[in-house]
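Participant: Got a structure for you, written out below as structure tokens; questions coming shortly.
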Amino acid sequence: MYDDNGAPIQRRTHLTDEAEELRYLALELETDHDAYVSRGRAPWRGLSGHDPLDDIPDEEFGERQWEDWHDGMYDEDDPERPRRRRPSGREVDIVPPVVAPVTVRVDPAIAAEFAARQAEATEGPSWEVDGGRVTVIGDFKEWFGPCIECGQEFTQRRPASQRRKWRRLCGEECSTERRRTANRERMRAVRADAA
């Protein structure tokens with residue numbers, strides 16, 4: 001069945017004689033043979049037992065065809081587009097969940113105890129690494145050394161348990177400049193090979 005614009009019309013479900021026979025077969029299996037038959041599905045035919053369009057009243061079913069026609073006529077933000085309405089009470093637009101900023105809360109007693117322990121901490125072992133010097137102070141490690149791009153001295157601090165390479169560049173500007181220089185050198189080498 002098609003509407004005036006050639007679009008297929010959604011039809012309410014009408015069970016055929018064959019589907020009715022399957023319902024009676026399921027009822028017979030349950031009553032006479034104590035078999036369990038799923039209410040939502042007849043697996044031997046693959047039929048779904050519930051159509052969501054059966055739950056809506058006839059007025060709303062008719063309105064859906066009218067809305068589908070306007071969907072084809074207007075853009076979503078067009079002021080001429082009629083406002084959607086659902087007589088059965090369901091909303092068309094889904095309200096997204098509220099996104100709140102994440103707040104990390106630390107128990108004040110634990111934070112105070114940690115700060116007091118860290119204030120009393122003395123310098124532990126110290127060793128040279130590539131481009132700087134690492135010193136253990138309480139529960140933290142500190143790296144001190146020059147930036148490989150601008151030569152300015154800077155310090156990094158991280159928990160003593162972490163085992164990863166230390167940054168050799170002091171900030172975003174030096175990192176960007178280093179990348180640009182490397183790209184220039186690479187392109188210069190490519191042009192020299194091509195010539």
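Starting from 1 in every chain, residues are counted up; chains themselves are A, B, ... following the order of the structure tokens, and ligands are numbered from 1 as listed.
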At a cut-off of 7 Å, using only C-alpha atoms, what residues contact Leu169 of chain A? Leave out same-chain residues fewer than 6 positions from it and give the result as a list of chain:residue names.
Facilitator: A:Cys147, A:Ile148, A:Glu149, A:Ser175
Participant: Using N, CA, C and O atoms, can you write the selected residues to a file as an mmCIF file, in the first residue's frame?
Facilitator:
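Below is the file again_15.cif, written as the result:
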data_model
loop_
_atom_site.group_PDB
_atom_site.id
_atom_site.type_symbol
_atom_site.label_atom_id
_atom_site.label_comp_id
_atom_site.auth_asym_id
_atom_site.auth_seq_id
_atom_site.Cartn_x
_atom_site.Cartn_y
_atom_site.Cartn_z
ATOM 1 N N CYS A 147 66.691 22.077 28.942
ATOM 2 C CA CYS A 147 65.856 21.757 27.780
ATOM 3 C C CYS A 147 66.774 21.571 26.570
ATOM 4 O O CYS A 147 67.713 22.345 26.372
ATOM 5 N N ILE A 148 66.529 20.557 25.744
ATOM 6 C CA ILE A 148 67.406 20.300 24.597
ATOM 7 C C ILE A 148 67.159 21.283 23.455
ATOM 8 O O ILE A 148 67.951 21.348 22.518
ATOM 9 N N GLU A 149 66.073 22.066 23.537
ATOM 10 C CA GLU A 149 65.789 23.032 22.471
ATOM 11 C C GLU A 149 66.283 24.430 22.834
ATOM 12 O O GLU A 149 67.019 25.053 22.081
ATOM 13 N N SER A 175 58.545 22.072 22.089
ATOM 14 C CA SER A 175 58.162 20.831 21.413
ATOM 15 C C SER A 175 57.766 21.106 19.962
ATOM 16 O O SER A 175 58.176 20.390 19.042
#
Participant: So the first atom is atom CA of Val99 of chain A and the second is atom CA of Asp78 of chain A; what is the distance between them in Å, to one decimal place?
Facilitator: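 Pair atom CA of Val99 of chain A / atom CA of Asp78 of chain A returns 28.2 Å.
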Participant: Using Å and a single decimal, report how far atom CA of Asn183 of chain A sits from atom CA of Gly145 of chain A.
Facilitator: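 Atom-to-atom, atom CA of Gly145 of chain A to atom CA of Asn183 of chain A, that is 25.4 Å.
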Participant: Write out as a PyMOL selection string which residues come within 12 Å of Ser161 of chain A when counting only C-alpha atoms, dropping same-chain ones fewer than 2 positions away.
Facilitator: chain A and resi 136+138-141+157-159+163-164
